[in-house]
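See structure below.
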Amino acid sequence: MRKPLISGNWKMNHNHFEAIQTVQKLAYLVGKDELEAADVSIHPPFTDIRSVQTVIDSDKLGYALGAQHCHYEEKGAFTGEVSPVFLQKLGVQYVICGHSERREIFGETDEIVNKKVAAIQAHGMTPIFCCGETLEEREAGDTETKVLGQIRAGLEGRTPEQVAALVIAYEPIWAIGTGRTATSDDAQQVCAAVRACVAEGWGNDAAQAVRIQYGGSVKGSNIAELIAMPDIDGALVGGASLDADEFARICKLGV
Ligand code: PEP
């Protein structure tokens with residue numbers, strides 16, 4: 001049985017004071033007992049991670065600490081980058097990689113994403129591997145070609161056990177931050193194709209174990225419908241994770 005994973009990607013929002021307030025409010029709204037239904041990870045900007053870690057640890061909250069990205073090298077002359085070693089030291093458990101904003105704005109290629117997945121796992125953390133199509137690709141009928149191509153390239157060289165342990169986030173780019181959500185049937189169809197692709201490349205056990213999130217304008221009002229789909233095991237949430245009330249509703253799976 002795959003336990004859902006709800007991940008809040010704050011992107012470049014919330015300074016460390018706002019981060020502390022948001023996590024404290026979230027903890028008040030969703031206590032440890034209410035985290036039975038889903039695992040929850042919070043992905044603040046790098047400058048907030050230590051503050052959020054302190055709140056999670058000192059108040060023994062049930063949230064997992066996440067990061068939004070990292071470099072694939074451990075150290076060196078990479079001005080502005082952050083090492084996976086540093087994240088692991090801070091207790092980070094989940095690291096987003098291959099987000100469409102990193103791919104489109106910062107030029108991350110499948111090859112770079114592949115190295116990041118390897119580096120994140122080599123340091124004992126779980127990658128949240130993002131894939132998704134543009135509106136043009138969807139309208140041209142190329143959704144699966146694009147998404148499955150990203151998966152094959154990004155996960156090439158991983159063992160079945162390594163693929164089983166990661167999280168794949170299917171995020172149609174046209175649904176990110178736009179208020180447009182894929183219908184639950186459309187999202188399910190692509191997530192089922194993702195699982196079939198994992199089965200073909202890494203075997204059935206890996207396909208049954210890997211968690212597949214949907215991402216793209218997820219809200220408290222649509223999470224229940226999405227999570228009811230057989231191949232959707234959680235959500236990667238951007239905008240709605242910034243507001244503790246809204247994110248609390250998502251963490252409770254819309255109940
Ligand atoms: C995201 O940042 O990955 C995302 C899905 O954003 P939003 O929920 O705002 O669409």
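Going through the structure tokens in order, the chains are called A, B, and so on, while each chain numbers its residues from 1 and the ligands are numbered from 1 in the order shown.
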Within 12 Å of Gly80 of chain A using only C-alpha atoms, minus same-chain residues under 5 positions, as a JSON list (two decimals) with C-alpha atoms, in the first residue's frame:
[["chain", "number", "residue", "atom", "x", "y", "z"],
["A", 46, "PHE", "CA", 17.31, 27.39, 1.17],
["A", 70, "CYS", "CA", 20.54, 20.99, -5.16],
["A", 71, "HIS", "CA", 23.73, 20.54, -7.16],
["A", 75, "LYS", "CA", 31.60, 20.52, -3.13]]
**Message:** Excluding Lys89 of chain A and its own-chain neighbours fewer than 6 positions away, which residues fall within 12 Å of it when counting only C-alpha atoms? Please give them as number ranges by chain.
**Reply:** A: 49-50, 53, 65, 82-83, 123-125
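Counting only C-alpha atoms and all ligand atoms, the residue from A:Ile223, A:Leu5, A:Ile176, A:Ala164 that sits nearest to ligand 1 is A:Ile176.
Counting from atom CA of Val95 of chain A, the distance to atom CA of Leu35 of chain A is 20.2 Å.
Between atom CA of Trp174 of chain A and atom CA of Gly66 of chain A there is a distance of 24.3 Å.
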Per residue of chain A within 7 Å of ligand 1, which atom pair is closest and at what distance in Å (one decimal), using only C-alpha atoms and all ligand atoms, listed by chain and increasing number, as a tab-separated table?
residue	atom	partner	partner_atom_place_in_ligand_line	distance
A:Asn9	CA	ligand 1	2 (O)	5.6
A:Lys11	CA	ligand 1	2 (O)	6.7
A:His99	CA	ligand 1	3 (O)	6.8
A:Glu171	CA	ligand 1	5 (C)	6.3
A:Ala175	CA	ligand 1	10 (O)	5.8
A:Ile176	CA	ligand 1	10 (O)	3.3
A:Gly177	CA	ligand 1	10 (O)	3.6
A:Thr178	CA	ligand 1	10 (O)	6.3
A:Gly179	CA	ligand 1	10 (O)	6.8
A:Gly215	CA	ligand 1	5 (C)	4.2
A:Gly216	CA	ligand 1	10 (O)	3.7
A:Ser217	CA	ligand 1	10 (O)	3.6
A:Val218	CA	ligand 1	8 (O)	5.2
A:Leu236	CA	ligand 1	3 (O)	5.5
A:Val237	CA	ligand 1	8 (O)	4.0
A:Gly238	CA	ligand 1	6 (O)	3.3
A:Gly239	CA	ligand 1	9 (O)	3.7
A:Ala240	CA	ligand 1	8 (O)	6.0
**Message:** Using only C-alpha atoms, which protein or nucleic acid residues come within 12 Å of Tyr94 of chain A? Drop anything in the same chain fewer than 6 positions from it, and give the result as a PyMOL selection string.
**Reply:** chain A and resi 5-9+39-44+63-70+84+87-88+117+120-121+123-129+165-168+236
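In this comparison, which uses only C-alpha atoms, the residue of A:Ile250, A:Cys97, A:Val52, A:Leu155 approaching Trp202 of chain A most closely is A:Leu155.
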Just want the 8 Å neighbourhood of Asp231 of chain A, counted on only C-alpha atoms, with same-chain residues fewer than 5 positions away dropped. Output as a compact mmCIF listing (two decimals) with C-alpha atoms, in the first residue's frame.
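Contents of around.txt, freshly written:
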# COMPACT_ATOMS: atom_id res chain seq x y z
CA GLN A 188 -4.90 9.45 -13.87
CA CYS A 191 0.05 8.71 -14.10
CA ALA A 192 -0.98 5.20 -15.21
CA ARG A 195 3.63 3.56 -13.85
CA ILE A 212 3.46 9.18 -8.28
**Request:** Please return as number ranges by chain: the residues of segment 15-247 of chain A that backbone DSSP assigns to strand (DSSP E or B).
**Result:** A: 39-43, 64-67, 94-97, 126-131, 167-170, 211-215, 234-237
**Message:** Between atom CA of Thr22 of chain A and atom CA of Phe86 of chain A, what is the distance in Å, rounded to a tenth?
**Reply:** 23.6 Å
**Request:** Going by DSSP on the backbone, which bits of segment 219-250 of chain A are alpha helix (DSSP H)? Write them as number ranges by chain, please.
**Result:** A: 223-227, 244-250
